[in-house]
Amino acid sequence: MTSRSLLRLTMAGAVAAGGVLLAGLPADASKAPRTVPVRLLALNDFHGHLEPPTGSSGRMVDEHGATVEAGGAAYVATHMKALADGNTIAVAQGDLIGATPLLSAAYHDEPSVEFLGKLGLDVAAVGNHEFDEGYAELRRIMKGGCHPVDGCSPAGPWKGATFDYVGANVLFKNRDERTDALAALGDSSRFGELLKDWGVPALPPVSVKWMNGVPIGFIGLVTQTTPNIVTAEGIKDLKFVDEVKAANVASRLLRLVGVEAQVVLVHEGDQVTAGQSPDACAAIPGAGNRIATQVDPEVDLVLSGHSHQAYKCVVKDPAGRDRLYSQGGSFGRVITQVDLKVDVRSRDVDRSSVVADNHVVTRTVAPDAEISAFVQTWKDRVAPVANRPVGTITADITNTAAPSGESALGNLIADAQLAATREGGNAQIALMNPGGVRASLSYASSPAGEGDGTVTYGEAFTVQPFNNLMQVVTLTGAQLKTVLEQQFTGGPNNQAFTKILQPSANLTYTYSTGAAWGAKVSDIKIDGVPVTGTQSIRVAANNFLVGGGDAFQAFTEGADLWSGPLDIDAFVAYLGQNNPIAPPATNRITVTG
């Protein structure tokens with residue numbers, strides 16, 4: 001039996017039958033094996049990297065400490081086929097789509113989702129980037145249908161994902177919202193009471209997969225910080241609640257239908273000590289560790305994502321028992337293999353049997369022929385757009401942060417955004433969120449052969465893949481100072497970690513690393529003129545920031561909103577109008593102790 005979700009499982013009569021999930025043991029139980037094997041193969045944070053990622057994004061430290069080239073859909077497929085056996089369930093921990101290269105993004109990530117189906121993916125947690133185009137678009141990706149604005153892709157009508165997307169902590173704000181995620185649960189009072197206390201799920205909270213006669217339950221979770229890191233309009237009807245509380249509710253749901261073997265797939269994770277083997281427990285305890293150690297003891301293992309790191313740890317659950325907690329990097333560079341045994345009588349995981357291994361997706365193997373052809377088909381479709389030259393540069397322009405927090409590429413983008421919003425929006429300065437600068441610009445020619453120093457549209461899009469709208473708002477000098485203070489931790493906006501906004505060239509200021517929050521930023525100048533607290537300033541930023549994204553709540557106090565071009569269009573226009581471009585200096589911010 002294969003179920004697309006717990007909801008479909010209950011529709012099939014699992015609840016009404018009372019004990020159907022406990023069926024399946026042979027008549028002579030004494031001859032049955034005590035345990036059965038299950039293998040999980042996991043990916044996380046694929047981000048639509050159908051082609052092998054380049055630069056540092058395409059390298060990984062392997063188990064022997066060597067840095068190797070890794071990733072690419074055709075290589076992922078080869079490694080997955082080599083690792084899979086008859087006991088395999090393929091899973092993922094979110095951000096499979098969103099913030100993707102043009103090859104995938106041009107068609108609203110349908111190529112990536114189709115690839116993952118071909119790969120045999122069974123179930124995936126949603127990540128924050130699954131909501132980049134909003135909840136309605138995620139539903140379309142899940143269920144099928146052509147894009148409401150751009151229509152069908154060259155492949156024809158979209159049929160929907162062949163795997164389950166799950167997210168137990170994604171609820172509707174309106175408790176009276178009608179949802180198919182609830183309708184399939186039927187009239188069981190057990191479910192009704194549990195969900196009445198909890199809320200209305202916007203997505204299936206769990207998925208149940210059967211392997212060797214036993215059910216395995218997968219609980220999906222996404223970081224509860226999602227509202228701070230995606231555009232607010234697309235998720236305005238949703239709330240993202242505490243991951244631990246949601247996982248515990250979902251665990252109870254699974255137990256109500258007799259599922260004891262439980263796996264959390266969570267799009268939240270931790271940072272690591274750099275340069276470690278992917279099989280080392282190099283994770284620095286943080287948000288991911290909190291979840292891994294606090295979710296219900298019924299949960300047998302926690303596979304994580306979001307932080308783009310590779311680690312393999314054993315932590316203690318609330319009952320003091322060992323529990324696997326792992327992650328597999330990003331961009332298809334690592335596949336996490338987990339082998340375990342399930343007791344056929346208790347239907348629970350024998351945790352002493354759990355063995356995990358993070359396999360680096362090396363490119364020393366032959367790429368899978370079918371997937372290579374699949375990727376090439378989409379490359380041919382997008383090539384006229386992707387390979388179009390849009391400008392030239394004199395050297396690499398990177399997104400690597402200087403000690404001030406600026407990067408040359410971040411500063412360049414801020415300059416481009418100011419140029420695009422001066423006319424119409426009357427912008428005086430621009431600020432760019434560092435997390436939106438997704439890749440560097442390389443001086444060397446790409447395999448497309450455009451030539452050294454030439455920037456193509458595809459390369460520019462890889463840097464700015466979100467299609468955010470450029471906007472301008474009026475802030476007072478005092479409000480601008482608050483925005484700049486909100487870059488740092490310790491304030492009422494609960495900034496998770498320091499995020500230095502990339503400033504346009506005409507905005508300068510100083511910040512003190514040792515000063516208290518609220519007194520860190522000083523000497524703010526525009527065009528060399530000191531800013532006063534009461535003056536009005538037209539500030540350009542993308543709609544993500546203007547909506548309060550990345551915990552920059554002071555932006556929402558802005559007045560006289562003006563909307564202009566897409567950020568990618570502003571960037572491309574600037575590249576074309578300023579040939580050739582040298583890397584901007586990173587001296588707009590002064591740092592003191």
# chains A, B, ... in the order shown; residues from 1 in each chain; ligands from 1
>>> residues_around(residues="region 42-58 of chain A", least_positions_apart="6", cutoff="6 Å", atoms="only C-alpha atoms", output="compact mmCIF listing (two decimals) with N, CA and C atoms, in the first residue's frame")
# COMPACT_ATOMS: atom_id res chain seq x y z
N GLU A 69 34.37 18.52 -6.35
CA GLU A 69 33.23 19.03 -7.10
C GLU A 69 32.03 18.13 -6.85
N ALA A 70 30.86 18.74 -6.61
CA ALA A 70 29.70 17.93 -6.22
C ALA A 70 28.42 18.57 -6.75
N GLY A 71 27.41 17.73 -6.95
CA GLY A 71 26.09 18.21 -7.30
C GLY A 71 25.79 18.17 -8.79
N GLY A 72 24.52 18.42 -9.12
CA GLY A 72 24.02 18.34 -10.48
C GLY A 72 23.02 17.20 -10.59
N ALA A 73 21.87 17.47 -11.22
CA ALA A 73 20.77 16.51 -11.22
C ALA A 73 21.17 15.14 -11.77
N ALA A 90 12.44 7.59 -0.45
CA ALA A 90 13.18 8.81 -0.72
C ALA A 90 12.44 10.01 -0.13
N VAL A 91 13.17 10.85 0.61
CA VAL A 91 12.55 11.96 1.34
C VAL A 91 13.36 13.23 1.13
N ALA A 92 12.78 14.35 1.54
CA ALA A 92 13.49 15.63 1.41
C ALA A 92 13.02 16.59 2.49
N GLN A 93 13.88 17.57 2.82
CA GLN A 93 13.64 18.48 3.93
C GLN A 93 13.46 19.93 3.48
N GLY A 94 12.82 20.14 2.34
CA GLY A 94 12.39 21.48 1.96
C GLY A 94 13.37 22.28 1.15
N ASP A 95 12.88 23.42 0.63
CA ASP A 95 13.62 24.30 -0.28
C ASP A 95 14.10 23.53 -1.50
N LEU A 96 13.26 22.66 -1.98
CA LEU A 96 13.57 21.98 -3.23
C LEU A 96 13.44 22.94 -4.39
N ILE A 97 12.54 23.92 -4.23
CA ILE A 97 12.31 24.94 -5.24
C ILE A 97 12.42 26.31 -4.58
N GLY A 98 12.39 27.36 -5.41
CA GLY A 98 12.56 28.71 -4.90
C GLY A 98 14.02 29.09 -4.85
N THR A 100 15.95 29.67 -7.35
CA THR A 100 16.50 28.70 -8.27
C THR A 100 17.14 29.38 -9.48
N SER A 104 15.30 26.54 -14.06
CA SER A 104 14.12 26.08 -13.36
C SER A 104 13.11 27.20 -13.14
N SER A 112 12.18 21.33 -11.99
CA SER A 112 12.80 20.73 -10.80
C SER A 112 11.88 19.73 -10.12
N GLY A 305 17.20 20.57 7.47
CA GLY A 305 17.62 21.35 6.31
C GLY A 305 17.80 22.80 6.70
N SER A 330 23.45 21.16 0.69
CA SER A 330 22.50 21.87 -0.17
C SER A 330 22.85 21.64 -1.63
N PHE A 331 21.95 22.05 -2.51
CA PHE A 331 22.16 22.08 -3.97
C PHE A 331 22.43 20.70 -4.56
N GLY A 332 21.96 19.65 -3.89
CA GLY A 332 22.16 18.30 -4.40
C GLY A 332 23.58 17.81 -4.28
N ILE A 335 23.73 13.28 -0.35
CA ILE A 335 22.57 12.42 -0.11
C ILE A 335 22.78 11.76 1.25
N THR A 336 21.81 11.91 2.13
CA THR A 336 21.88 11.26 3.44
C THR A 336 21.22 9.89 3.36
>>> residues_around(residues="region 136-144 of chain A", least_positions_apart="5", cutoff="7 Å", atoms="only C-alpha atoms", output="list in words")
Glu130, Phe131, Trp158, Lys159, Gly160 and Ala161 of chain A
>>> select_by_dssp(residues="region 443-562 of chain A", states="alpha helix (DSSP H)", output="PyMOL selection string")
chain A and resi 457-463+477-485+543-546
>>> write_last_selection(atoms="all heavy atoms", output="compact mmCIF listing (two decimals), in the first residue's frame")
# COMPACT_ATOMS: atom_id res chain seq x y z
N TYR A 457 22.19 36.95 -19.21
CA TYR A 457 20.96 37.11 -18.43
C TYR A 457 20.82 35.97 -17.42
O TYR A 457 20.40 36.20 -16.28
CB TYR A 457 19.74 37.14 -19.36
CG TYR A 457 18.45 37.37 -18.61
CD1 TYR A 457 18.01 38.66 -18.32
CD2 TYR A 457 17.67 36.31 -18.16
CE1 TYR A 457 16.84 38.89 -17.61
CE2 TYR A 457 16.49 36.52 -17.45
CZ TYR A 457 16.09 37.81 -17.18
OH TYR A 457 14.93 38.02 -16.47
N GLY A 458 21.18 34.76 -17.83
CA GLY A 458 21.08 33.63 -16.91
C GLY A 458 21.95 33.81 -15.68
O GLY A 458 21.56 33.46 -14.57
N GLU A 459 23.17 34.36 -15.89
CA GLU A 459 24.06 34.59 -14.75
C GLU A 459 23.51 35.69 -13.85
O GLU A 459 23.58 35.59 -12.61
CB GLU A 459 25.44 34.97 -15.27
CG GLU A 459 26.17 33.80 -15.93
CD GLU A 459 27.43 34.23 -16.67
OE1 GLU A 459 27.48 35.37 -17.15
OE2 GLU A 459 28.36 33.41 -16.76
N ALA A 460 22.96 36.75 -14.45
CA ALA A 460 22.36 37.81 -13.65
C ALA A 460 21.17 37.29 -12.87
O ALA A 460 20.97 37.65 -11.70
CB ALA A 460 21.95 38.98 -14.55
N PHE A 461 20.39 36.44 -13.50
CA PHE A 461 19.21 35.89 -12.83
C PHE A 461 19.60 34.99 -11.66
O PHE A 461 18.92 34.98 -10.62
CB PHE A 461 18.34 35.11 -13.81
CG PHE A 461 17.00 34.72 -13.25
CD1 PHE A 461 15.90 35.55 -13.43
CD2 PHE A 461 16.82 33.54 -12.53
CE1 PHE A 461 14.66 35.21 -12.89
CE2 PHE A 461 15.60 33.20 -12.00
CZ PHE A 461 14.51 34.04 -12.18
N THR A 462 20.69 34.26 -11.81
CA THR A 462 21.16 33.42 -10.70
C THR A 462 21.49 34.26 -9.48
O THR A 462 21.30 33.84 -8.34
CB THR A 462 22.38 32.60 -11.14
OG1 THR A 462 22.00 31.76 -12.25
CG2 THR A 462 22.89 31.71 -10.02
N VAL A 463 21.99 35.47 -9.72
CA VAL A 463 22.29 36.40 -8.62
C VAL A 463 21.01 36.93 -7.98
O VAL A 463 20.91 37.03 -6.75
CB VAL A 463 23.15 37.58 -9.14
CG1 VAL A 463 23.31 38.65 -8.05
CG2 VAL A 463 24.52 37.08 -9.59
N GLY A 477 14.51 60.38 9.07
CA GLY A 477 15.87 60.05 9.44
C GLY A 477 15.92 59.12 10.64
O GLY A 477 16.75 58.21 10.70
N ALA A 478 15.01 59.33 11.58
CA ALA A 478 14.96 58.48 12.77
C ALA A 478 14.55 57.06 12.39
O ALA A 478 15.09 56.08 12.94
CB ALA A 478 13.99 59.07 13.80
N GLN A 479 13.58 56.95 11.47
CA GLN A 479 13.16 55.62 11.04
C GLN A 479 14.26 54.91 10.27
O GLN A 479 14.45 53.69 10.41
CB GLN A 479 11.89 55.73 10.21
CG GLN A 479 10.66 56.10 11.01
CD GLN A 479 9.47 56.44 10.13
OE1 GLN A 479 9.62 56.92 9.00
NE2 GLN A 479 8.27 56.19 10.64
N LEU A 480 15.01 55.65 9.45
CA LEU A 480 16.14 55.05 8.74
C LEU A 480 17.17 54.53 9.75
O LEU A 480 17.71 53.43 9.57
CB LEU A 480 16.79 56.07 7.81
CG LEU A 480 18.08 55.62 7.11
CD1 LEU A 480 17.84 54.39 6.24
CD2 LEU A 480 18.67 56.76 6.30
N LYS A 481 17.44 55.29 10.79
CA LYS A 481 18.38 54.81 11.81
C LYS A 481 17.87 53.53 12.46
O LYS A 481 18.65 52.60 12.72
CB LYS A 481 18.60 55.87 12.88
CG LYS A 481 19.64 55.45 13.94
CD LYS A 481 19.87 56.52 14.98
CE LYS A 481 21.01 56.13 15.93
NZ LYS A 481 20.74 54.88 16.67
N THR A 482 16.56 53.46 12.71
CA THR A 482 16.00 52.24 13.29
C THR A 482 16.17 51.05 12.35
O THR A 482 16.52 49.94 12.78
CB THR A 482 14.51 52.43 13.63
OG1 THR A 482 14.38 53.48 14.57
CG2 THR A 482 13.91 51.16 14.21
N VAL A 483 15.92 51.27 11.05
CA VAL A 483 16.16 50.20 10.08
C VAL A 483 17.60 49.70 10.20
O VAL A 483 17.85 48.48 10.23
CB VAL A 483 15.89 50.70 8.64
CG1 VAL A 483 16.46 49.71 7.62
CG2 VAL A 483 14.40 50.88 8.41
N LEU A 484 18.55 50.61 10.28
CA LEU A 484 19.95 50.21 10.36
C LEU A 484 20.28 49.54 11.69
O LEU A 484 21.11 48.62 11.75
CB LEU A 484 20.85 51.42 10.12
CG LEU A 484 20.71 52.08 8.73
CD1 LEU A 484 21.60 53.31 8.62
CD2 LEU A 484 21.02 51.09 7.61
N GLU A 485 19.64 49.97 12.77
CA GLU A 485 19.81 49.28 14.05
C GLU A 485 19.25 47.86 13.99
O GLU A 485 19.78 46.94 14.63
CB GLU A 485 19.11 50.06 15.18
CG GLU A 485 19.76 51.40 15.52
CD GLU A 485 21.03 51.26 16.34
OE1 GLU A 485 21.29 50.17 16.87
OE2 GLU A 485 21.78 52.26 16.46
N ASN A 543 10.32 44.60 -2.50
CA ASN A 543 9.06 44.48 -1.75
C ASN A 543 9.17 43.55 -0.56
O ASN A 543 8.41 43.66 0.40
CB ASN A 543 7.92 44.03 -2.67
CG ASN A 543 8.15 42.67 -3.29
OD1 ASN A 543 9.08 42.48 -4.07
ND2 ASN A 543 7.31 41.71 -2.97
N PHE A 544 10.13 42.63 -0.59
CA PHE A 544 10.37 41.76 0.55
C PHE A 544 10.78 42.58 1.77
O PHE A 544 10.22 42.44 2.87
CB PHE A 544 11.44 40.73 0.20
CG PHE A 544 11.98 39.95 1.36
CD1 PHE A 544 11.20 39.03 2.02
CD2 PHE A 544 13.29 40.14 1.79
CE1 PHE A 544 11.70 38.31 3.10
CE2 PHE A 544 13.81 39.43 2.86
CZ PHE A 544 13.00 38.51 3.51
N LEU A 545 11.74 43.47 1.60
CA LEU A 545 12.18 44.32 2.70
C LEU A 545 11.11 45.32 3.10
O LEU A 545 10.86 45.54 4.30
CB LEU A 545 13.46 45.06 2.32
CG LEU A 545 14.79 44.32 2.47
CD1 LEU A 545 15.93 45.20 1.99
CD2 LEU A 545 15.03 43.89 3.91
N VAL A 546 10.49 45.95 2.13
CA VAL A 546 9.46 46.96 2.43
C VAL A 546 8.32 46.33 3.23
O VAL A 546 7.69 47.00 4.07
CB VAL A 546 8.96 47.62 1.13
CG1 VAL A 546 7.76 48.51 1.39
CG2 VAL A 546 10.09 48.44 0.49
>>> residues_around(residues="Thr179 (chain A)", least_positions_apart="6", cutoff="10 Å", atoms="only C-alpha atoms", output="ChimeraX atom specification")
/A:172,200-204
>>> select_by_dssp(residues="region 458-502 of chain A", states="strand (DSSP E or B)", output="list of chain:residue names")
A:Leu469, A:Met470, A:Gln471, A:Val472, A:Val473, A:Thr474, A:Leu475, A:Thr476, A:Gln502
>>> closest_atom_pairs(of="region 48-91 of chain A", to="region 209-217 of chain A", cutoff="10 Å", atoms="only C-alpha atoms", output="CSV")
residue,atom,partner,partner_atom,distance
A:Gly86,CA,A:Met211,CA,9.0
A:Asn87,CA,A:Met211,CA,6.5
A:Thr88,CA,A:Met211,CA,7.9
A:Ile89,CA,A:Lys209,CA,7.9
>>> residues_around(residues="region 562-578 of chain A", least_positions_apart="6", cutoff="10 Å", atoms="only C-alpha atoms", output="number ranges by chain")
A: 389-393, 412-421, 423-427, 455-457, 460-474, 538, 540-543
>>> closest_residue(among="A:Pro384, A:Ile397, A:Thr35, A:Gly451", to="Arg351 (chain A)", atoms="only C-alpha atoms")
A:Thr35
>>> atom_distance(atom1="CA of Ser352 (chain A)", atom2="CA of Val123 (chain A)")
24.6 Å
>>> residues_around(residues="region 367-377 of chain A", least_positions_apart="2", cutoff="6 Å", atoms="only C-alpha atoms", output="number ranges by chain")
A: 74-75, 77-78, 379-380
>>> residues_around(residues="Gln224 (chain A)", least_positions_apart="4", cutoff="8 Å", atoms="only C-alpha atoms", output="list of chain:residue names")
A:Asn169, A:Phe240, A:Val241, A:Asp242, A:Glu243
